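Undergrad: Hey, dropping model24.pdb in here, PDB, C-alpha atoms:
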ATOM      1  CA  MET A 286     109.141  93.617  82.547
ATOM      2  CA  THR A 287     109.264  97.352  82.083
ATOM      3  CA  GLN A 288     107.113  99.645  80.034
ATOM      4  CA  SER A 289     109.919 100.491  77.654
ATOM      5  CA  SER A 290     110.122 100.459  73.880
ATOM      6  CA  ARG A 291     113.156  98.184  74.172
ATOM      7  CA  GLY A 292     112.317  94.508  73.826
ATOM      8  CA  ARG A 293     109.092  95.152  71.928
ATOM      9  CA  ALA A 294     108.451  92.590  69.193
ATOM     10  CA  PRO A 295     106.159  93.553  66.300
ATOM     11  CA  ALA A 296     102.929  91.639  65.826
ATOM     12  CA  GLY A 297     102.372  92.432  62.175
ATOM     13  CA  ASP A 298     100.479  95.309  60.582
ATOM     14  CA  ALA A 299      97.876  95.964  63.256
ATOM     15  CA  GLY A 300      97.005  99.496  62.248
ATOM     16  CA  GLY A 301      97.701 102.508  64.419
ATOM     17  CA  PRO A 302      94.749 104.089  66.204
ATOM     18  CA  GLY A 303      97.210 105.402  68.776
ATOM     19  CA  GLU A 304      98.862 107.546  66.123
ATOM     20  CA  ALA A 305      95.880 109.814  65.467
ATOM     21  CA  GLY A 306      93.259 111.633  67.499
ATOM     22  CA  ARG A 307      93.449 113.548  70.757
ATOM     23  CA  ALA A 308      95.867 112.000  73.239
ATOM     24  CA  VAL A 309      94.937 111.274  76.844
ATOM     25  CA  SER A 310      97.178 111.920  79.836
ATOM     26  CA  PRO A 311      97.648 109.493  82.738
ATOM     27  CA  ARG A 312      96.866 112.445  85.025
ATOM     28  CA  ASP A 313      93.331 112.579  83.561
ATOM     29  CA  ALA A 314      92.161 109.363  85.184
ATOM     30  CA  ALA A 315      88.495 109.668  84.236
ATOM     31  CA  ALA A 316      89.236 110.208  80.538
ATOM     32  CA  ALA A 317      91.871 107.472  80.535
ATOM     33  CA  GLU A 318      89.519 104.969  82.181
ATOM     34  CA  ARG A 319      86.809 105.741  79.622
ATOM     35  CA  LEU A 320      89.247 105.204  76.776
ATOM     36  CA  LEU A 321      90.677 101.992  78.245
ATOM     37  CA  SER A 322      87.224 100.578  78.989
ATOM     38  CA  ALA A 323      85.484 101.387  75.697
ATOM     39  CA  GLY A 324      88.278 101.815  73.161
ATOM     40  CA  ARG A 325      89.124  99.585  70.225
ATOM     41  CA  ILE A 326      92.339  97.715  70.977
ATOM     42  CA  ALA A 327      94.812  96.972  68.187
ATOM     43  CA  VAL A 328      97.768  94.803  69.148
ATOM     44  CA  GLU A 329     101.019  96.236  67.782
ATOM     45  CA  GLY A 330     103.675  94.169  69.515
ATOM     46  CA  ARG A 331     104.732  92.070  72.462
ATOM     47  CA  LEU A 332     107.029  92.924  75.365
ATOM     48  CA  VAL A 333     109.369  89.993  74.959
ATOM     49  CA  GLN A 334     111.069  90.212  78.373
ATOM     50  CA  ALA A 335     107.814  89.769  80.269
ATOM     51  CA  SER A 336     107.199  86.413  81.957
ATOM     52  CA  ASN A 337     103.477  86.569  81.132
ATOM     53  CA  ALA A 338     101.866  87.521  77.830
ATOM     54  CA  THR A 339     102.195  91.321  77.734
ATOM     55  CA  LEU A 340     101.039  93.064  74.592
ATOM     56  CA  TYR A 341     101.786  96.605  73.448
ATOM     57  CA  CYS A 342      98.647  98.057  71.870
ATOM     58  CA  ALA A 343      97.066 101.149  70.402
ATOM     59  CA  ILE A 344      93.611 102.094  71.631
ATOM     60  CA  GLU A 345      91.104 104.604  70.238
ATOM     61  CA  HIS A 346      87.597 105.719  71.111
ATOM     62  CA  ASP A 347      85.546 108.712  70.036
ATOM     63  CA  GLY A 348      88.512 110.722  68.773
ATOM     64  CA  VAL A 349      90.724 109.982  71.782
ATOM     65  CA  SER A 350      93.717 107.680  71.439
ATOM     66  CA  ALA A 351      96.702 106.337  73.333
ATOM     67  CA  ASN A 352      98.956 103.341  73.673
ATOM     68  CA  CYS A 353      98.401 100.750  76.348
ATOM     69  CA  VAL A 354      99.541  97.449  77.795
ATOM     70  CA  TYR A 355      97.153  94.509  77.544
ATOM     71  CA  LYS A 356      97.761  91.388  79.648
ATOM     72  CA  PRO A 357      95.191  88.692  78.878
ATOM     73  CA  VAL A 358      94.370  86.267  81.666
ATOM     74  CA  ALA A 359      94.889  83.445  79.169
ATOM     75  CA  GLY A 360      98.573  84.424  78.945
ATOM     76  CA  GLU A 361      99.285  84.234  82.677
ATOM     77  CA  ARG A 362     101.747  81.577  83.750
ATOM     78  CA  PRO A 363     100.759  79.595  86.855
ATOM     79  CA  LEU A 364     102.516  80.615  90.084
ATOM     80  CA  TRP A 365     102.997  78.454  93.161
ATOM     81  CA  ASP A 366     102.052  81.225  95.606
ATOM     82  CA  PHE A 367      99.199  83.052  93.825
ATOM     83  CA  PRO A 368      95.915  81.568  92.559
ATOM     84  CA  ASP A 369      95.758  80.963  88.804
ATOM     85  CA  GLY A 370      94.051  83.587  86.670
ATOM     86  CA  THR A 371      94.097  86.364  89.282
ATOM     87  CA  LEU A 372      97.033  88.562  88.247
ATOM     88  CA  ALA A 373      95.000  90.926  86.064
ATOM     89  CA  GLU A 374      92.558  91.629  88.883
ATOM     90  CA  ARG A 375      95.441  92.289  91.267
ATOM     91  CA  GLU A 376      96.830  94.869  88.839
ATOM     92  CA  VAL A 377      93.467  96.649  88.841
ATOM     93  CA  ALA A 378      93.279  96.433  92.639
ATOM     94  CA  ALA A 379      96.702  98.109  92.854
ATOM     95  CA  TYR A 380      95.403 100.940  90.691
ATOM     96  CA  GLU A 381      92.374 101.349  92.954
ATOM     97  CA  VAL A 382      94.636 101.663  95.999
ATOM     98  CA  SER A 383      96.805 104.158  94.109
ATOM     99  CA  LYS A 384      93.741 106.298  93.415
ATOM    100  CA  ALA A 385      92.605 106.100  97.034
ATOM    101  CA  MET A 386      96.015 107.262  98.245
ATOM    102  CA  GLY A 387      95.783 110.268  95.947
ATOM    103  CA  TRP A 388      99.278 109.795  94.542
ATOM    104  CA  ASP A 389      98.641 108.448  91.014
ATOM    105  CA  THR A 390     101.354 105.862  91.593
ATOM    106  CA  VAL A 391      99.868 103.435  89.066
ATOM    107  CA  PRO A 392      98.812 104.465  85.536
ATOM    108  CA  PRO A 393      95.070 104.165  84.820
ATOM    109  CA  THR A 394      94.173 100.475  84.671
ATOM    110  CA  VAL A 395      90.966  98.565  83.906
ATOM    111  CA  HIS A 396      89.798  94.974  83.564
ATOM    112  CA  ARG A 397      87.989  94.245  80.315
ATOM    113  CA  ASP A 398      87.614  91.921  77.378
ATOM    114  CA  GLY A 399      90.225  92.227  74.633
ATOM    115  CA  PRO A 400      91.440  90.547  71.450
ATOM    116  CA  TYR A 401      92.600  87.483  73.414
ATOM    117  CA  GLY A 402      89.925  87.446  76.080
ATOM    118  CA  PRO A 403      89.546  89.245  79.419
ATOM    119  CA  GLY A 404      92.553  90.831  80.994
ATOM    120  CA  MET A 405      94.217  93.935  82.346
ATOM    121  CA  VAL A 406      94.551  97.051  80.162
ATOM    122  CA  GLN A 407      96.830  99.834  81.427
ATOM    123  CA  LEU A 408      97.701 103.187  79.909
ATOM    124  CA  TRP A 409     101.205 103.194  78.498
ATOM    125  CA  VAL A 410     103.689 105.537  80.191
ATOM    126  CA  GLU A 411     106.897 106.116  78.252
ATOM    127  CA  PRO A 412     109.815 106.594  80.678
ATOM    128  CA  ASP A 413     112.361 109.328  80.063
ATOM    129  CA  PRO A 414     115.415 107.516  78.623
ATOM    130  CA  ASP A 415     117.719 110.110  80.170
ATOM    131  CA  VAL A 416     116.715 109.149  83.731
ATOM    132  CA  ASP A 417     119.162 106.765  85.414
ATOM    133  CA  LEU A 418     116.769 104.169  86.852
ATOM    134  CA  VAL A 419     119.399 102.564  89.074
ATOM    135  CA  GLY A 420     120.302 105.929  90.540
ATOM    136  CA  LEU A 421     116.637 106.829  90.927
ATOM    137  CA  SER A 422     115.897 103.579  92.773
ATOM    138  CA  ARG A 423     118.696 104.299  95.269
ATOM    139  CA  SER A 424     117.857 107.962  95.770
ATOM    140  CA  ASP A 425     115.824 109.763  98.427
ATOM    141  CA  ASP A 426     113.441 111.126  95.776
ATOM    142  CA  GLU A 427     110.051 111.830  97.356
ATOM    143  CA  ALA A 428     108.162 110.273  94.437
ATOM    144  CA  VAL A 429     110.134 107.058  94.932
ATOM    145  CA  ARG A 430     109.487 107.214  98.666
ATOM    146  CA  ARG A 431     105.759 107.381  97.955
ATOM    147  CA  MET A 432     106.215 104.286  95.807
ATOM    148  CA  ALA A 433     107.789 102.495  98.779
ATOM    149  CA  VAL A 434     104.772 103.327 100.954
ATOM    150  CA  PHE A 435     102.382 102.192  98.238
ATOM    151  CA  ASP A 436     104.276  98.905  97.850
ATOM    152  CA  ALA A 437     103.981  98.265 101.579
ATOM    153  CA  VAL A 438     100.210  98.752 101.422
ATOM    154  CA  VAL A 439      99.689  96.369  98.482
ATOM    155  CA  ASN A 440     102.379  93.938  99.715
ATOM    156  CA  ASN A 441     104.247  94.059  96.415
ATOM    157  CA  ALA A 442     106.326  90.912  95.955
ATOM    158  CA  ASP A 443     108.199  92.171  92.887
ATOM    159  CA  ARG A 444     109.280  95.837  92.834
ATOM    160  CA  LYS A 445     112.160  95.761  90.386
ATOM    161  CA  ILE A 446     114.148  98.793  89.208
ATOM    162  CA  GLY A 447     112.669  98.397  85.725
ATOM    163  CA  HIS A 448     109.169  98.736  87.154
ATOM    164  CA  LEU A 449     109.784 102.429  87.845
ATOM    165  CA  LEU A 450     108.439 104.705  85.100
ATOM    166  CA  PRO A 451     109.662 108.311  85.351
ATOM    167  CA  PRO A 452     108.166 110.259  82.421
ATOM    168  CA  GLY A 453     110.559 113.150  83.066
ATOM    169  CA  ASP A 454     108.223 115.588  84.811
ATOM    170  CA  GLY A 455     109.233 114.686  88.365
ATOM    171  CA  HIS A 456     106.502 112.092  88.775
ATOM    172  CA  VAL A 457     107.256 108.375  89.037
ATOM    173  CA  TYR A 458     104.754 105.699  88.034
ATOM    174  CA  GLY A 459     105.026 102.009  88.761
ATOM    175  CA  CYS A 460     103.971  98.996  86.703
ATOM    176  CA  ASP A 461     103.659  95.221  87.071
ATOM    177  CA  HIS A 462     101.526  94.700  90.168
ATOM    178  CA  GLY A 463     100.233  91.221  89.437
ATOM    179  CA  VAL A 464     101.944  89.650  92.462
ATOM    180  CA  CYS A 465     100.498  91.898  95.142
ATOM    181  CA  PHE A 466      97.970  91.500  97.967
ATOM    182  CA  SER A 467      99.134  88.165  99.334
ATOM    183  CA  VAL A 468      97.783  87.408 102.790
ATOM    184  CA  GLU A 469     101.346  86.500 103.836
ATOM    185  CA  TYR A 470     103.942  89.260 104.229
ATOM    186  CA  LYS A 471     105.877  89.066 100.950
ATOM    187  CA  LEU A 472     107.199  92.593 100.409
ATOM    188  CA  ARG A 473     110.131  92.228  98.027
ATOM    189  CA  THR A 474     111.560  95.427  96.631
ATOM    190  CA  VAL A 475     114.663  97.400  95.686
ATOM    191  CA  LEU A 476     113.366 100.362  97.730
ATOM    192  CA  TRP A 477     114.531  99.565 101.260
ATOM    193  CA  GLN A 478     116.428 102.810 101.914
ATOM    194  CA  TRP A 479     113.669 104.082 104.226
ATOM    195  CA  ARG A 480     113.199 100.924 106.284
ATOM    196  CA  GLY A 481     112.498 101.781 109.915
ATOM    197  CA  LYS A 482     112.355 105.520 109.208
ATOM    198  CA  PRO A 483     109.351 107.631 110.215
ATOM    199  CA  LEU A 484     106.588 108.036 107.663
ATOM    200  CA  THR A 485     106.118 111.536 106.312
ATOM    201  CA  PRO A 486     102.972 113.475 107.280
ATOM    202  CA  GLU A 487     101.926 113.152 103.623
ATOM    203  CA  ALA A 488     102.190 109.370 103.865
ATOM    204  CA  VAL A 489     100.149 109.289 107.067
ATOM    205  CA  GLU A 490      97.417 111.316 105.349
ATOM    206  CA  ALA A 491      97.421 108.962 102.347
ATOM    207  CA  LEU A 492      97.256 105.903 104.591
ATOM    208  CA  SER A 493      94.400 107.467 106.529
ATOM    209  CA  ARG A 494      92.475 107.900 103.283
ATOM    210  CA  VAL A 495      93.026 104.243 102.430
ATOM    211  CA  ASP A 496      92.018 103.189 105.932
ATOM    212  CA  ALA A 497      88.769 105.129 105.672
ATOM    213  CA  GLY A 498      88.097 103.690 102.222
ATOM    214  CA  LEU A 499      88.590 100.156 103.478
ATOM    215  CA  ARG A 500      86.260 100.639 106.453
ATOM    216  CA  GLY A 501      82.926 100.611 104.702
ATOM    217  CA  GLY A 502      84.012 102.978 101.944
ATOM    218  CA  ALA A 503      84.180 102.684  98.178
ATOM    219  CA  LEU A 504      87.701 101.238  98.210
ATOM    220  CA  GLY A 505      86.700  98.285 100.364
ATOM    221  CA  ALA A 506      83.727  97.544  98.122
ATOM    222  CA  ARG A 507      85.848  97.764  94.981
ATOM    223  CA  LEU A 508      88.636  95.543  96.322
ATOM    224  CA  ALA A 509      86.027  92.979  97.366
ATOM    225  CA  GLU A 510      85.191  92.634  93.666
ATOM    226  CA  LEU A 511      88.830  91.965  92.755
ATOM    227  CA  LEU A 512      90.368  90.099  95.711
ATOM    228  CA  THR A 513      89.359  87.524  98.292
ATOM    229  CA  ALA A 514      87.885  88.629 101.611
ATOM    230  CA  GLU A 515      91.069  87.435 103.341
ATOM    231  CA  GLU A 516      93.250  89.537 101.027
ATOM    232  CA  VAL A 517      91.147  92.654 101.596
ATOM    233  CA  ASP A 518      91.291  92.097 105.356
ATOM    234  CA  ALA A 519      95.072  91.622 105.209
ATOM    235  CA  THR A 520      95.394  94.906 103.315
ATOM    236  CA  ARG A 521      93.379  96.677 105.994
ATOM    237  CA  ARG A 522      95.591  95.196 108.725
ATOM    238  CA  ARG A 523      98.772  96.300 106.936
ATOM    239  CA  VAL A 524      97.448  99.852 106.777
ATOM    240  CA  GLU A 525      96.459  99.727 110.452
ATOM    241  CA  LEU A 526      99.967  98.622 111.444
ATOM    242  CA  MET A 527     101.609 101.383 109.419
ATOM    243  CA  LEU A 528      99.329 103.984 110.978
ATOM    244  CA  LYS A 529      99.986 102.575 114.454
ATOM    245  CA  HIS A 530     103.786 102.505 114.228
ATOM    246  CA  ARG A 531     104.193 105.272 111.605
ATOM    247  CA  ILE A 532     107.404 103.883 110.174
ATOM    248  CA  HIS A 533     108.406 102.298 106.903
ATOM    249  CA  PRO A 534     108.338  98.498 107.275
ATOM    250  CA  TYR A 535     111.391  96.301 107.642
ATOM    251  CA  PRO A 536     112.216  93.456 105.226
ATOM    252  CA  PRO A 537     110.604  90.098 105.968
ATOM    253  CA  GLU A 538     112.785  87.647 107.861
ATOM    254  CA  ASP A 539     111.601  84.515 106.053
ATOM    255  CA  TRP A 540     111.253  85.821 102.494
ATOM    256  CA  PRO A 541     113.839  87.202 100.006
ATOM    257  CA  ALA A 542     113.882  90.962 100.504
ATOM    258  CA  ILE A 543     115.019  91.891  96.983
ATOM    259  CA  PRO A 544     113.585  90.517  93.724
ATOM    260  CA  TRP A 545     115.865  88.662  91.345
ATOM    261  CA  PRO A 546     116.976  89.941  88.981
ATOM    262  CA  PRO A 547     116.641  93.390  90.627
ATOM    263  CA  LEU A 548     116.421  95.091  87.226
TER     264      LEU A 548
END
The structure given in the file should be rewritten as structure tokens.
TA:
Amino acid sequence: MTQSSRGRAPAGDAGGPGEAGRAVSPRDAAAAERLLSAGRIAVEGRLVQASNATLYCAIEHDGVSANCVYKPVAGERPLWDFPDGTLAEREVAAYEVSKAMGWDTVPPTVHRDGPYGPGMVQLWVEPDPDVDLVGLSRSDDEAVRRMAVFDAVVNNADRKIGHLLPPGDGHVYGCDHGVCFSVEYKLRTVLWQWRGKPLTPEAVEALSRVDAGLRGGALGARLAELLTAEEVDATRRRVELMLKHRIHPYPPEDWPAIPWPPL
């Protein structure tokens, strides 16, 4: 699934609070989190290519409005390798790691009640249609390289090309982080071009921030609310290994290295 207007099915006349009011930027995390947490959600459509129920919505609160993605827990399909009903919390955990790294890799994301029960609500980021996503995924773009480091930290098992969201300002966001944080090494991604290469000084600084946050800091406490103790500990150990060896990880030997389909 990708946050794209293509493949969006209408859900009837749901109103349009996202069409009026002052817009909020994904760079303004505090304002976006307030809107996503307290805003009135109006479902406007469904992303039909998504494997789980993924709803395109408008959200408005106190004169501020935006569009967002809402994934209710009730719409999650069972997976053999992840506990049922946990994908929404993993998406929020990925956002918390993104904030701790200081890279804004993931759009603002919260866990809250919605029209179809509790679930994940994430600020919509419209990708620039003129950006060649295949070319971007194969490039040496620094924003994409940061995404590769982030994916290694959260152990992303499904980084497809369509999960890259370049709004056209040089930044690259990522979406769909429901299958992250497994205790087993399951990194599966299209971004292997840096495997075995030294981490940048910027990446080492970001990893150091995450390491500090996991060792008795706010990040560790927050992830403990969203993940199991074993998953939090595995995240800490992945960060420790990356800081020790200071290289991008290699593909797993006993797990498919690239998601299918890669798009």
Undergrad: Please indicate the distance in Å from CA of Ile446 in chain A to CA of Thr339 in chain A, rounded to one decimal place.
TA: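 Computing it gives 18.2 Å between the two atoms.
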Undergrad: CA of Gly481 in chain A and CA of Leu418 in chain A, how far apart in Å?
TA: 23.6 Å
Undergrad: Decode the PyMOL selection byres ((chain A and resi 447) around 6) for the given file into explicit residues and return them as a PyMOL selection string.
TA: chain A and resi 287+445-446+448-449+548
Undergrad: If the PyMOL selection byres ((chain A and resi 437) around 12) is run on the structure shown, which residues does it catch, given as a PyMOL selection string?
TA: chain A and resi 379+382-383+430-436+438-444+465-467+470-474+476-477+479-480+484+488+492+519-528+532-537
Undergrad: Can you list, as a list in words, the residues that the PyMOL selection byres ((chain A and resi 506-517) around 8) selects here?
TA: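 Selected by the PyMOL selection byres ((chain A and resi 506-517) around 8) here: Glu374, Arg375, Val377, Ala378, Glu381, Phe466, Ser467, Val468, Leu499, Gly501, Gly502, Ala503, Leu504, Gly505, Asp518, Ala519, Thr520 and Arg521 of chain A.
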Undergrad: So what do you get for CA of Arg494 in chain A versus CA of Gly387 in chain A, distance-wise?
TA: 8.4 Å
Undergrad: Find the residue from A:Ala343, A:Val464, A:Glu469, A:Pro483 that sits nearest to Pro368 in chain A; use all atoms listed in the file when measuring.
TA: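 When distances to Pro368 in chain A are compared using all atoms listed in the file, the smallest one comes from A:Val464.
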Undergrad: Please identify all polymer residues within 12 Å of Tyr401 in chain A, counting only C-alpha atoms, omitting same-chain residues fewer than 3 positions from it, and present them as a count of residues only.
TA: 18
